[in-house]
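Pasting structure11.cif here (mmCIF, C-alpha atoms):
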data_my_file
#
loop_
_atom_site.label_atom_id
_atom_site.label_comp_id
_atom_site.auth_asym_id
_atom_site.auth_seq_id
_atom_site.Cartn_x
_atom_site.Cartn_y
_atom_site.Cartn_z
CA MET A 7 -24.09 105.98 54.58
CA GLN A 8 -20.44 106.15 53.54
CA ALA A 9 -20.36 109.90 54.11
CA SER A 10 -21.80 109.32 57.59
CA VAL A 11 -19.02 106.83 58.41
CA VAL A 12 -16.39 109.32 57.27
CA GLU A 13 -17.99 112.08 59.33
CA ARG A 14 -17.93 109.94 62.46
CA LEU A 15 -14.40 108.62 61.83
CA PHE A 16 -12.90 112.10 61.56
CA SER A 17 -15.36 113.95 63.88
CA LEU A 18 -16.15 116.42 61.11
CA LYS A 19 -19.12 118.11 62.82
CA GLU A 20 -17.20 118.42 66.07
CA ASN A 21 -14.42 120.22 64.21
CA GLY A 22 -16.79 122.44 62.26
CA THR A 23 -15.95 121.06 58.83
CA SER A 24 -17.35 118.84 56.07
CA VAL A 25 -16.22 116.19 53.61
CA SER A 26 -16.09 118.64 50.71
CA GLN A 27 -14.16 121.19 52.75
CA GLU A 28 -11.62 118.59 53.89
CA VAL A 29 -11.13 117.19 50.39
CA SER A 30 -10.62 120.67 48.99
CA ALA A 31 -8.09 121.41 51.73
CA GLY A 32 -6.26 118.15 51.04
CA VAL A 33 -5.91 118.97 47.35
CA THR A 34 -4.66 122.42 48.31
CA THR A 35 -1.97 120.91 50.55
CA PHE A 36 -0.92 118.57 47.75
CA MET A 37 -0.55 121.44 45.30
CA ALA A 38 1.59 123.33 47.81
CA MET A 39 3.77 120.26 48.52
CA SER A 40 3.95 118.82 45.00
CA TYR A 41 7.25 120.52 44.20
CA LEU A 42 9.02 118.04 46.50
CA ILE A 43 8.39 115.30 43.90
CA PHE A 44 10.88 117.10 41.66
CA VAL A 45 13.24 118.70 44.18
CA ILE A 46 13.93 115.96 46.75
CA PRO A 47 14.90 113.21 44.24
CA SER A 48 17.18 115.68 42.44
CA MET A 49 19.02 116.40 45.70
CA LEU A 50 19.22 112.70 46.60
CA ALA A 51 20.67 111.99 43.15
CA ASP A 52 23.43 114.49 43.94
CA GLY A 53 24.20 112.33 46.97
CA GLY A 54 24.55 109.22 44.81
CA ILE A 55 21.09 107.63 45.12
CA PRO A 56 19.62 106.54 41.75
CA ARG A 57 17.13 109.23 40.79
CA ASP A 58 14.32 107.04 39.44
CA ALA A 59 14.33 104.84 42.53
CA ALA A 60 14.59 107.92 44.75
CA THR A 61 11.54 109.48 43.09
CA SER A 62 9.46 106.37 43.69
CA SER A 63 10.66 106.09 47.28
CA VAL A 64 9.92 109.74 48.07
CA ILE A 65 6.35 109.44 46.80
CA LEU A 66 5.69 106.11 48.53
CA VAL A 67 7.02 107.41 51.85
CA THR A 68 4.92 110.56 51.52
CA VAL A 69 1.79 108.51 50.84
CA ALA A 70 2.32 106.04 53.69
CA VAL A 71 3.32 108.49 56.43
CA THR A 72 0.75 111.12 55.47
CA LEU A 73 -1.93 108.42 55.63
CA LEU A 74 -0.73 107.45 59.11
CA MET A 75 -0.83 111.10 60.16
CA GLY A 76 -4.40 111.39 58.92
CA LEU A 77 -5.85 108.08 60.06
CA TRP A 78 -4.11 107.74 63.45
CA ALA A 79 -2.99 111.16 64.66
CA ARG A 80 -5.97 112.77 62.81
CA TYR A 81 -3.91 115.83 61.87
CA PRO A 82 -4.43 117.72 58.55
CA VAL A 83 -0.70 117.57 57.90
CA GLY A 84 1.33 116.25 54.99
CA VAL A 85 4.54 114.36 55.86
CA ALA A 86 7.43 113.79 53.45
CA PRO A 87 11.23 113.70 53.30
CA GLY A 88 12.38 117.15 54.48
CA LEU A 89 14.34 119.66 52.42
CA GLY A 90 16.78 120.70 55.16
CA ILE A 91 17.60 117.13 56.13
CA THR A 92 17.95 116.10 52.49
CA ALA A 93 20.36 118.98 51.88
CA PHE A 94 22.44 117.90 54.88
CA PHE A 95 22.36 114.29 53.70
CA ALA A 96 23.22 114.93 50.05
CA TYR A 97 25.68 117.80 50.35
CA TYR A 98 27.51 116.92 53.55
CA VAL A 99 27.04 113.31 54.64
CA CYS A 100 27.46 111.97 51.09
CA GLY A 101 29.79 114.81 50.12
CA PRO A 102 32.60 116.31 52.23
CA ALA A 103 32.03 113.80 55.05
CA GLY A 104 32.79 111.02 52.58
CA PHE A 105 30.18 108.47 53.62
CA THR A 106 28.20 106.24 51.31
CA TRP A 107 24.52 106.92 50.88
CA GLN A 108 23.85 103.47 52.39
CA ALA A 109 25.60 104.50 55.63
CA GLY A 110 23.73 107.79 55.53
CA LEU A 111 20.41 105.93 55.34
CA GLY A 112 21.56 103.87 58.33
CA ALA A 113 22.04 107.12 60.24
CA VAL A 114 18.55 108.25 59.21
CA PHE A 115 17.05 105.01 60.57
CA ILE A 116 18.90 105.30 63.89
CA SER A 117 17.89 108.95 64.29
CA GLY A 118 14.26 107.93 63.75
CA LEU A 119 14.59 105.24 66.41
CA VAL A 120 16.14 107.75 68.84
CA PHE A 121 13.37 110.25 68.10
CA PHE A 122 10.75 107.54 68.69
CA LEU A 123 12.27 106.62 72.08
CA LEU A 124 12.53 110.28 73.08
CA THR A 125 8.87 110.76 72.20
CA VAL A 126 7.37 107.76 73.99
CA THR A 127 9.44 108.47 77.13
CA ARG A 128 8.52 112.18 77.00
CA ILE A 129 12.20 113.14 77.15
CA ARG A 130 11.57 114.97 73.89
CA GLN A 131 9.58 117.65 75.67
CA PHE A 132 12.37 118.19 78.20
CA ILE A 133 14.99 118.54 75.48
CA VAL A 134 12.99 121.01 73.44
CA ASN A 135 12.20 123.12 76.49
CA ALA A 136 15.89 123.17 77.47
CA VAL A 137 16.99 124.92 74.27
CA PRO A 138 16.35 128.70 74.12
CA ILE A 139 13.67 129.73 71.65
CA ASP A 140 16.07 132.11 69.89
CA LEU A 141 18.42 129.24 69.04
CA LYS A 142 15.51 127.15 67.76
CA LEU A 143 14.50 129.97 65.44
CA SER A 144 18.11 130.52 64.37
CA ILE A 145 18.38 126.89 63.33
CA VAL A 146 15.35 127.28 61.04
CA VAL A 147 16.75 130.49 59.52
CA GLY A 148 20.22 129.00 59.09
CA ILE A 149 18.86 125.95 57.29
CA GLY A 150 16.91 128.33 55.04
CA ALA A 151 20.11 130.21 54.16
CA PHE A 152 21.88 126.91 53.48
CA ILE A 153 19.09 125.68 51.20
CA ALA A 154 19.07 129.02 49.34
CA LEU A 155 22.83 128.76 48.73
CA ILE A 156 22.38 125.27 47.31
CA GLY A 157 19.64 126.62 45.05
CA MET A 158 21.82 129.48 43.81
CA LYS A 159 24.68 127.06 43.15
CA SER A 160 22.43 124.65 41.24
CA ALA A 161 21.00 127.53 39.23
CA GLY A 162 24.48 128.71 38.25
CA LEU A 163 23.96 132.08 39.92
CA VAL A 164 26.80 131.41 42.37
CA ILE A 165 30.06 129.75 41.34
CA ALA A 166 33.39 128.99 43.01
CA ASP A 167 36.13 131.60 42.65
CA PRO A 168 39.78 131.14 43.70
CA SER A 169 40.13 134.79 44.74
CA THR A 170 36.83 135.56 46.47
CA PHE A 171 35.67 131.97 47.20
CA VAL A 172 32.31 132.66 45.52
CA ALA A 173 31.28 134.89 42.64
CA LEU A 174 28.38 135.63 40.31
CA GLY A 175 27.89 133.00 37.63
CA ASN A 176 27.59 133.54 33.89
CA VAL A 177 24.13 135.07 33.58
CA THR A 178 24.29 134.88 29.78
CA GLN A 179 23.95 131.08 29.92
CA PRO A 180 20.46 129.89 28.85
CA GLU A 181 20.13 127.60 31.90
CA VAL A 182 20.88 130.44 34.29
CA GLN A 183 18.39 132.70 32.54
CA LEU A 184 15.72 130.00 32.72
CA SER A 185 16.38 129.65 36.45
CA VAL A 186 15.98 133.40 36.92
CA PHE A 187 12.74 133.30 34.92
CA CYS A 188 11.43 130.40 37.02
CA PHE A 189 12.34 132.25 40.21
CA PHE A 190 10.48 135.44 39.34
CA LEU A 191 7.50 133.60 37.84
CA THR A 192 7.12 131.43 40.95
CA ALA A 193 7.60 134.38 43.31
CA ALA A 194 5.00 136.47 41.47
CA LEU A 195 2.48 133.61 41.51
CA MET A 196 3.05 133.07 45.22
CA VAL A 197 2.51 136.75 45.95
CA LYS A 198 -0.72 136.53 43.93
CA GLY A 199 -1.84 133.61 46.10
CA PHE A 200 -1.63 130.76 43.54
CA ARG A 201 -1.59 127.51 45.50
CA ALA A 202 0.38 125.59 42.86
CA ALA A 203 2.89 128.39 42.24
CA MET A 204 5.98 126.21 42.74
CA LEU A 205 4.65 123.43 40.52
CA ILE A 206 3.74 125.92 37.77
CA GLY A 207 7.21 127.48 37.95
CA ILE A 208 8.92 124.10 37.58
CA LEU A 209 6.76 122.96 34.66
CA ALA A 210 7.03 126.32 32.88
CA THR A 211 10.82 125.98 32.63
CA THR A 212 10.95 122.28 31.81
CA GLU A 213 11.02 120.89 28.28
CA LEU A 214 8.23 118.36 28.50
CA PRO A 215 8.80 114.98 26.84
CA LYS A 216 7.09 114.19 23.55
CA GLY A 217 6.41 110.62 24.60
CA ALA A 218 4.07 109.32 27.25
CA TRP A 219 3.91 111.23 30.52
CA VAL A 220 2.06 108.45 32.31
CA SER A 221 3.30 104.99 33.25
CA LEU A 222 1.05 102.23 34.56
CA THR A 223 4.07 100.19 35.69
CA LEU A 224 4.56 99.97 39.43
CA PRO A 225 7.61 101.95 40.59
CA ASP A 226 10.84 99.97 41.09
CA ILE A 227 12.67 100.77 44.32
CA SER A 228 14.81 97.63 44.48
CA ALA A 229 17.98 99.72 44.05
CA VAL A 230 17.37 101.50 47.37
CA PHE A 231 14.96 99.32 49.36
CA MET A 232 16.55 98.12 52.64
CA GLN A 233 19.98 99.25 51.48
CA MET A 234 20.80 101.09 54.71
CA ASP A 235 24.13 100.27 56.33
CA LEU A 236 23.55 100.28 60.09
CA GLN A 237 27.09 99.19 60.93
CA GLY A 238 28.53 102.01 58.86
CA ALA A 239 26.14 104.46 60.52
CA LEU A 240 27.56 103.60 63.93
CA SER A 241 31.11 104.36 62.86
CA HIS A 242 33.06 107.13 64.55
CA GLY A 243 32.30 109.95 62.12
CA LEU A 244 28.58 109.34 61.83
CA LEU A 245 27.77 109.70 65.53
CA SER A 246 27.66 113.48 65.20
CA ILE A 247 25.62 113.11 62.02
CA ILE A 248 23.05 110.94 63.81
CA PHE A 249 22.90 113.58 66.53
CA THR A 250 22.35 116.36 64.00
CA LEU A 251 19.62 114.42 62.18
CA THR A 252 17.84 113.80 65.48
CA MET A 253 18.07 117.42 66.61
CA VAL A 254 16.85 118.86 63.31
CA ASP A 255 13.97 116.39 63.24
CA LEU A 256 13.13 117.25 66.83
CA PHE A 257 12.91 121.01 66.44
CA ASP A 258 11.54 121.04 62.91
CA ASN A 259 8.60 118.82 63.81
CA MET A 260 7.98 120.64 67.07
CA GLY A 261 7.70 124.01 65.38
CA VAL A 262 5.56 122.90 62.44
CA LEU A 263 3.14 120.73 64.39
CA ILE A 264 2.58 123.19 67.22
CA GLY A 265 2.10 126.05 64.78
CA LEU A 266 -0.43 124.12 62.70
CA ALA A 267 -2.18 122.76 65.79
CA ARG A 268 -2.80 126.32 66.95
CA LYS A 269 -4.30 127.26 63.59
CA CYS A 270 -6.53 124.17 63.62
CA GLY A 271 -7.86 124.92 67.11
CA PHE A 272 -6.29 121.79 68.62
CA MET A 273 -4.77 123.72 71.51
CA ARG A 274 -6.83 123.67 74.69
CA PRO A 275 -7.09 126.66 77.08
CA ASP A 276 -4.48 125.07 79.38
CA GLY A 277 -1.99 124.93 76.50
CA GLU A 278 -2.22 121.18 75.96
CA ILE A 279 -2.43 120.12 72.32
CA ARG A 280 -4.69 117.26 71.32
CA ASN A 281 -2.97 114.16 69.88
CA LEU A 282 0.41 115.90 69.67
CA ASP A 283 2.28 112.81 70.91
CA LYS A 284 0.62 110.72 68.20
CA ALA A 285 1.74 113.23 65.62
CA PHE A 286 5.33 113.08 66.89
CA ILE A 287 5.30 109.29 66.97
CA THR A 288 4.00 109.30 63.39
CA ASP A 289 6.98 111.41 62.33
CA SER A 290 9.47 109.15 64.08
CA ILE A 291 7.95 106.00 62.57
CA GLY A 292 7.99 107.79 59.23
CA THR A 293 11.71 108.47 59.58
CA MET A 294 12.54 104.82 60.19
CA PHE A 295 10.29 103.82 57.32
CA SER A 296 11.98 106.40 55.08
CA ALA A 297 15.39 104.85 55.67
CA CYS A 298 14.04 101.38 54.84
CA MET A 299 12.55 102.74 51.62
CA GLY A 300 15.76 104.51 50.60
CA THR A 301 15.13 108.16 51.32
CA THR A 302 15.76 110.75 54.02
CA THR A 303 14.02 111.80 57.22
CA ALA A 304 10.25 112.25 56.95
CA THR A 305 9.03 115.45 58.53
CA SER A 306 5.81 117.44 58.76
CA TYR A 307 5.62 120.02 55.98
CA LEU A 308 4.94 123.65 56.74
CA GLU A 309 3.15 123.85 53.38
CA SER A 310 0.30 122.03 55.14
CA ALA A 311 -0.62 125.49 56.42
CA SER A 312 -2.11 126.18 52.98
CA GLY A 313 -4.57 123.34 53.48
CA VAL A 314 -5.35 124.50 57.00
CA ALA A 315 -5.99 127.99 55.64
CA ALA A 316 -8.36 126.40 53.10
CA GLY A 317 -10.39 124.88 55.94
CA GLY A 318 -8.61 121.60 56.73
CA ARG A 319 -9.26 120.59 60.32
CA THR A 320 -9.08 116.79 60.49
CA GLY A 321 -7.14 113.79 59.27
CA LEU A 322 -9.37 113.58 56.20
CA THR A 323 -7.33 116.45 54.76
CA ALA A 324 -4.15 114.39 55.09
CA VAL A 325 -5.83 111.29 53.64
CA THR A 326 -6.87 113.32 50.60
CA THR A 327 -3.33 114.67 50.22
CA ALA A 328 -1.97 111.12 50.34
CA GLY A 329 -4.45 110.08 47.65
CA CYS A 330 -3.19 112.85 45.37
CA PHE A 331 0.38 111.64 45.82
CA VAL A 332 -0.75 108.11 44.85
CA LEU A 333 -1.85 109.54 41.50
CA ALA A 334 1.56 111.21 41.18
CA LEU A 335 3.18 107.75 41.11
CA PHE A 336 1.89 107.33 37.56
CA PHE A 337 3.63 110.52 36.40
CA ILE A 338 7.18 109.52 37.32
CA PRO A 339 8.30 109.65 33.63
CA LEU A 340 7.54 113.37 33.76
CA VAL A 341 9.51 113.82 36.97
CA GLY A 342 12.64 112.32 35.43
CA VAL A 343 12.99 115.02 32.78
CA VAL A 344 12.93 117.99 35.17
CA PRO A 345 16.41 119.62 35.10
CA ALA A 346 18.29 121.11 38.05
CA TYR A 347 17.85 124.67 36.77
CA ALA A 348 14.06 124.24 37.09
CA THR A 349 14.14 123.04 40.70
CA ALA A 350 16.95 125.30 41.93
CA PRO A 351 14.77 128.47 42.11
CA ILE A 352 12.33 126.60 44.36
CA LEU A 353 15.12 126.01 46.87
CA ILE A 354 15.89 129.74 46.89
CA ILE A 355 12.24 130.58 47.53
CA VAL A 356 11.93 127.97 50.29
CA GLY A 357 15.02 129.53 51.86
CA ALA A 358 13.30 132.91 51.78
CA LEU A 359 10.21 131.46 53.46
CA MET A 360 12.31 129.92 56.23
CA MET A 361 14.12 133.23 56.67
CA GLN A 362 10.84 134.82 57.83
CA GLU A 363 11.43 133.43 61.32
CA VAL A 364 14.38 135.82 61.77
CA VAL A 365 12.05 138.64 62.85
CA HIS A 366 11.20 136.72 66.02
CA ILE A 367 14.82 136.46 67.20
CA ARG A 368 15.71 139.04 69.87
CA PHE A 369 18.65 140.64 68.09
CA GLU A 370 18.47 143.68 70.38
CA ARG A 371 20.16 141.53 73.06
CA LEU A 372 23.80 140.85 72.20
CA GLU A 373 24.01 137.66 74.25
CA ILE A 374 21.22 136.38 71.98
CA ALA A 375 22.24 138.11 68.75
CA ILE A 376 25.79 136.72 68.59
CA PRO A 377 24.91 132.99 68.98
CA ALA A 378 21.94 133.45 66.64
CA PHE A 379 24.13 135.19 64.05
CA LEU A 380 26.79 132.48 64.24
CA THR A 381 24.18 129.73 63.89
CA ILE A 382 22.67 131.35 60.81
CA MET A 383 25.87 132.35 59.03
CA THR A 384 28.05 129.30 59.65
CA MET A 385 25.56 126.88 58.09
CA PRO A 386 25.92 128.27 54.53
CA PHE A 387 29.51 129.51 54.98
CA THR A 388 30.78 126.08 56.10
CA PHE A 389 28.26 124.20 53.93
CA ASN A 390 27.35 122.22 57.03
CA ILE A 391 24.19 122.35 59.15
CA ALA A 392 25.90 120.54 62.03
CA THR A 393 28.61 123.20 62.25
CA GLY A 394 25.94 125.89 62.54
CA PHE A 395 24.37 123.94 65.39
CA GLY A 396 27.72 123.70 67.13
CA PHE A 397 28.69 127.37 66.79
CA GLY A 398 25.30 128.43 68.10
CA PHE A 399 25.19 126.11 71.11
CA VAL A 400 28.81 126.62 72.14
CA SER A 401 28.78 130.42 71.76
CA TYR A 402 25.52 130.74 73.69
CA THR A 403 26.92 128.68 76.56
CA VAL A 404 30.35 130.35 76.69
CA ILE A 405 28.95 133.90 76.52
CA HIS A 406 26.51 133.28 79.35
CA VAL A 407 29.21 131.68 81.52
CA LEU A 408 31.59 134.62 80.96
CA MET A 409 28.77 137.02 81.81
CA GLY A 410 28.33 135.26 85.14
CA ARG A 411 24.88 134.04 84.13
CA TRP A 412 25.81 130.37 84.03
CA ARG A 413 22.70 129.42 86.02
CA GLU A 414 20.55 130.49 83.05
CA VAL A 415 22.13 127.75 80.92
CA THR A 416 20.39 124.38 81.24
CA PRO A 417 22.37 121.19 81.99
CA PHE A 418 21.36 119.91 78.59
CA MET A 419 22.92 122.96 76.89
CA TYR A 420 26.19 122.33 78.76
CA LEU A 421 26.15 118.69 77.68
CA ILE A 422 25.44 119.44 74.02
CA SER A 423 28.00 122.25 73.93
CA ALA A 424 30.66 119.92 75.33
CA CYS A 425 29.78 117.32 72.71
CA PHE A 426 30.16 119.87 69.92
CA VAL A 427 33.53 121.07 71.25
CA ALA A 428 34.73 117.46 71.27
CA ASN A 429 33.36 117.02 67.76
CA PHE A 430 35.19 120.10 66.46
CA ILE A 431 38.45 118.83 67.98
CA MET A 432 37.99 115.37 66.45
CA ARG A 433 37.32 116.89 63.02
CA THR A 434 40.71 118.60 63.03
#
As structure tokens, how would this structure be written, given the file I've shared?
Amino acid sequence: MQASVVERLFSLKENGTSVSQEVSAGVTTFMAMSYLIFVIPSMLADGGIPRDAATSSVILVTVAVTLLMGLWARYPVGVAPGLGITAFFAYYVCGPAGFTWQAGLGAVFISGLVFFLLTVTRIRQFIVNAVPIDLKLSIVVGIGAFIALIGMKSAGLVIADPSTFVALGNVTQPEVQLSVFCFFLTAALMVKGFRAAMLIGILATTELPKGAWVSLTLPDISAVFMQMDLQGALSHGLLSIIFTLTMVDLFDNMGVLIGLARKCGFMRPDGEIRNLDKAFITDSIGTMFSACMGTTTATSYLESASGVAAGGRTGLTAVTTAGCFVLALFFIPLVGVVPAYATAPILIIVGALMMQEVVHIRFERLEIAIPAFLTIMTMPFTFNIATGFGFGFVSYTVIHVLMGRWREVTPFMYLISACFVANFIMRT
């Protein structure tokens, strides 16, 4: 009887799947996403957020928003705080930009509210369509390069140098060697098709505690719960940060959800995608919820493709994934002992995965190649995702105007380019 209820709730027969197939796919997605339990809190800690509280918050947000994605939007997609956004938050907003993590969380909440309003009013679709596909792909690639640089820095492979700005680190250090080992082990396992490759790589290079790995105590998030500073987020300097958070969330979710929807067979012959608006609304609600819980923007994870490949076709896959993350709450003592040199190689590998999109950029056309190149390179070179956005948008607009092809540039592109020019001037 219970199985029959589940089948009707998620339309399993209609989607050509079964309970066992969906559960298996959900576990697969969890194994592919599980590395975030170690990586995201480590990055948030670099931004000043207490690591233990951050770990609990990340898991709770992942559980809640993934459940919403499964039960309401009925998508086989895991949702959690995103790597690219977290890197921007920890290493720019709470770093060179000089803002507190509380103000940064306020910016995350406002960006989620903006994304929600853009979704329900359908302005979101207009904005996404107004930006050239090559720039969208460049943003993904640039964020990948930025994340990889952070990973190399955390691993000790790249260090600051007064003469050359950056240089090779001391590879004779045990921590650096362990990072290199973790990188090659994880890469080899991924090539072999191991679903938990990233998790295995992290655990293989971590000195596991001799005490208890499991805690039955409920996680304490009082240090970060509802600590967002909305007034600080609306200050002069954070307006561009809110804009960047919104834009990254917009394009990241669009790409992941549409790509997975195609693989799941959710796209109709006329190109319309079933329940896509619900999926976008879920992400935007998740972002606001993330800020309240003390972590960064929730986004759909591309690693969900592993579960889709394993046969996941309905929201039951996401519900299963959320259930697995509930169990992870009891292993937080294990998460706390994972060092930076064990998670750093995962960032490098994720950067490599995001770099795969570069083959779809039309580099044979210079008017495309130059803005794309500037977008990709300025993100890691300036240690700032927003700057990469700005260089890409402004250069694309200026080049097309000087070529006499100003009609090919959308009004939205002109508006955003002007905003970035003003932002660059205000920064100096």
Could you give me, as a Markdown table, every stretch 177-209 of chain A residue with an atom at most 12 Å from stretch 298-322 of chain A, plus its closest atom pair and distance in Å to one decimal, counting all atoms listed in the file, rows ordered by chain then number?
| residue | atom | partner | partner_atom | distance |
| --- | --- | --- | --- | --- |
| A:Met196 | CA | A:Ser312 | CA | 11.6 |
| A:Gly199 | CA | A:Ser312 | CA | 10.1 |
| A:Phe200 | CA | A:Ser312 | CA | 10.5 |
| A:Arg201 | CA | A:Ser312 | CA | 7.6 |
| A:Ala202 | CA | A:Ser312 | CA | 10.4 |
| A:Met204 | CA | A:Glu309 | CA | 11.3 |
If the box runs along x, y and z of the file and leaves 5 Å on each side of stretch 328-344 of chain A, what are its centre and edge lengths in Å, one decimal, as AutoDock Vina command-line options?
--center_x 4.3 --center_y 112.7 --center_z 41.6 --size_x 27.4 --size_y 20.7 --size_z 27.6
**OP:** Expand the PyMOL selection byres ((chain A and resi 109-125) around 8) into the individual residues it matches in the shown file, reporting them as a VMD selection string.
**Re:** chain A and resid 95 99 to 100 105 to 108 126 to 131 233 to 240 244 247 to 249 251 to 252 255 to 256 283 286 to 287 290 to 298 300 to 303
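The gap separating atom CA of A:Thr92 from atom CA of A:Gly54 is 12.2 Å, in Å to one decimal.
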Original post:
Suppose you want the space between atom CA of A:Ile355 and atom CA of A:Phe190; what is it in Å?
Top reply: 9.7 Å
**OP:** Tell me which residues the PyMOL selection byres ((chain A and resi 207-214) around 12) grabs here, as a VMD selection string.
**Re:** chain A and resid 40 to 45 180 to 196 200 to 206 215 to 219 339 to 353 355
Keeping only C-alpha atoms, write the selected residues to a file as a tab-separated table (two decimals), keeping the file's coordinate frame.
chain	number	residue	atom	x	y	z
A	40	SER	CA	3.95	118.82	45.00
A	41	TYR	CA	7.25	120.52	44.20
A	42	LEU	CA	9.02	118.04	46.50
A	43	ILE	CA	8.39	115.30	43.90
A	44	PHE	CA	10.88	117.10	41.66
A	45	VAL	CA	13.24	118.70	44.18
A	180	PRO	CA	20.46	129.89	28.85
A	181	GLU	CA	20.13	127.60	31.90
A	182	VAL	CA	20.88	130.44	34.29
A	183	GLN	CA	18.39	132.70	32.54
A	184	LEU	CA	15.72	130.00	32.72
A	185	SER	CA	16.38	129.65	36.45
A	186	VAL	CA	15.98	133.40	36.92
A	187	PHE	CA	12.74	133.30	34.92
A	188	CYS	CA	11.43	130.40	37.02
A	189	PHE	CA	12.34	132.25	40.21
A	190	PHE	CA	10.48	135.44	39.34
A	191	LEU	CA	7.50	133.60	37.84
A	192	THR	CA	7.12	131.43	40.95
A	193	ALA	CA	7.60	134.38	43.31
A	194	ALA	CA	5.00	136.47	41.47
A	195	LEU	CA	2.48	133.61	41.51
A	196	MET	CA	3.05	133.07	45.22
A	200	PHE	CA	-1.63	130.76	43.54
A	201	ARG	CA	-1.59	127.51	45.50
A	202	ALA	CA	0.38	125.59	42.86
A	203	ALA	CA	2.89	128.39	42.24
A	204	MET	CA	5.98	126.21	42.74
A	205	LEU	CA	4.65	123.43	40.52
A	206	ILE	CA	3.74	125.92	37.77
A	215	PRO	CA	8.80	114.98	26.84
A	216	LYS	CA	7.09	114.19	23.55
A	217	GLY	CA	6.41	110.62	24.60
A	218	ALA	CA	4.07	109.32	27.25
A	219	TRP	CA	3.91	111.23	30.52
A	339	PRO	CA	8.30	109.65	33.63
A	340	LEU	CA	7.54	113.37	33.76
A	341	VAL	CA	9.51	113.82	36.97
A	342	GLY	CA	12.64	112.32	35.43
A	343	VAL	CA	12.99	115.02	32.78
A	344	VAL	CA	12.93	117.99	35.17
A	345	PRO	CA	16.41	119.62	35.10
A	346	ALA	CA	18.29	121.11	38.05
A	347	TYR	CA	17.85	124.67	36.77
A	348	ALA	CA	14.06	124.24	37.09
A	349	THR	CA	14.14	123.04	40.70
A	350	ALA	CA	16.95	125.30	41.93
A	351	PRO	CA	14.77	128.47	42.11
A	352	ILE	CA	12.33	126.60	44.36
A	353	LEU	CA	15.12	126.01	46.87
A	355	ILE	CA	12.24	130.58	47.53
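Residue nearest A:Ser228 within the list A:Ser423, A:Asn259, A:Ser62, A:Gln179: A:Ser62 [criterion: smallest interatomic distance, all atoms listed in the file].
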Subject >> Residue with smallest distance to A:Cys425 - pool A:Thr384, A:Asn281, A:Ser169, A:Ser246, counting all atoms listed in the file >> reply: A:Ser246
**OP:** Please write the residues picked by the PyMOL selection byres ((chain A and resi 364) around 8) on this file as a ChimeraX atom specification.
**Re:** /A:143-144,147,361-363,365-367
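You can rank A:Thr381, A:Ser401, A:Thr170, A:Thr68 by their closest distance to A:Val85 using all atoms listed in the file, and at the top of that list sits A:Thr68.
Of the residues listed (A:Ser24, A:Thr178, A:Thr35, A:Ser17), A:Thr178 shows the shortest atom-to-atom separation from A:Leu163; distances use all atoms listed in the file.
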Original post:
Distance atom CA of A:Met158-atom CA of A:Phe36, one decimal place?
Top reply: 25.5 Å
**OP:** Kindly indicate which residue among A:Ala96, A:Met37, A:Val332, A:Leu155 lies nearest to A:Ala358, using only C-alpha atoms for the distances.
**Re:** A:Leu155
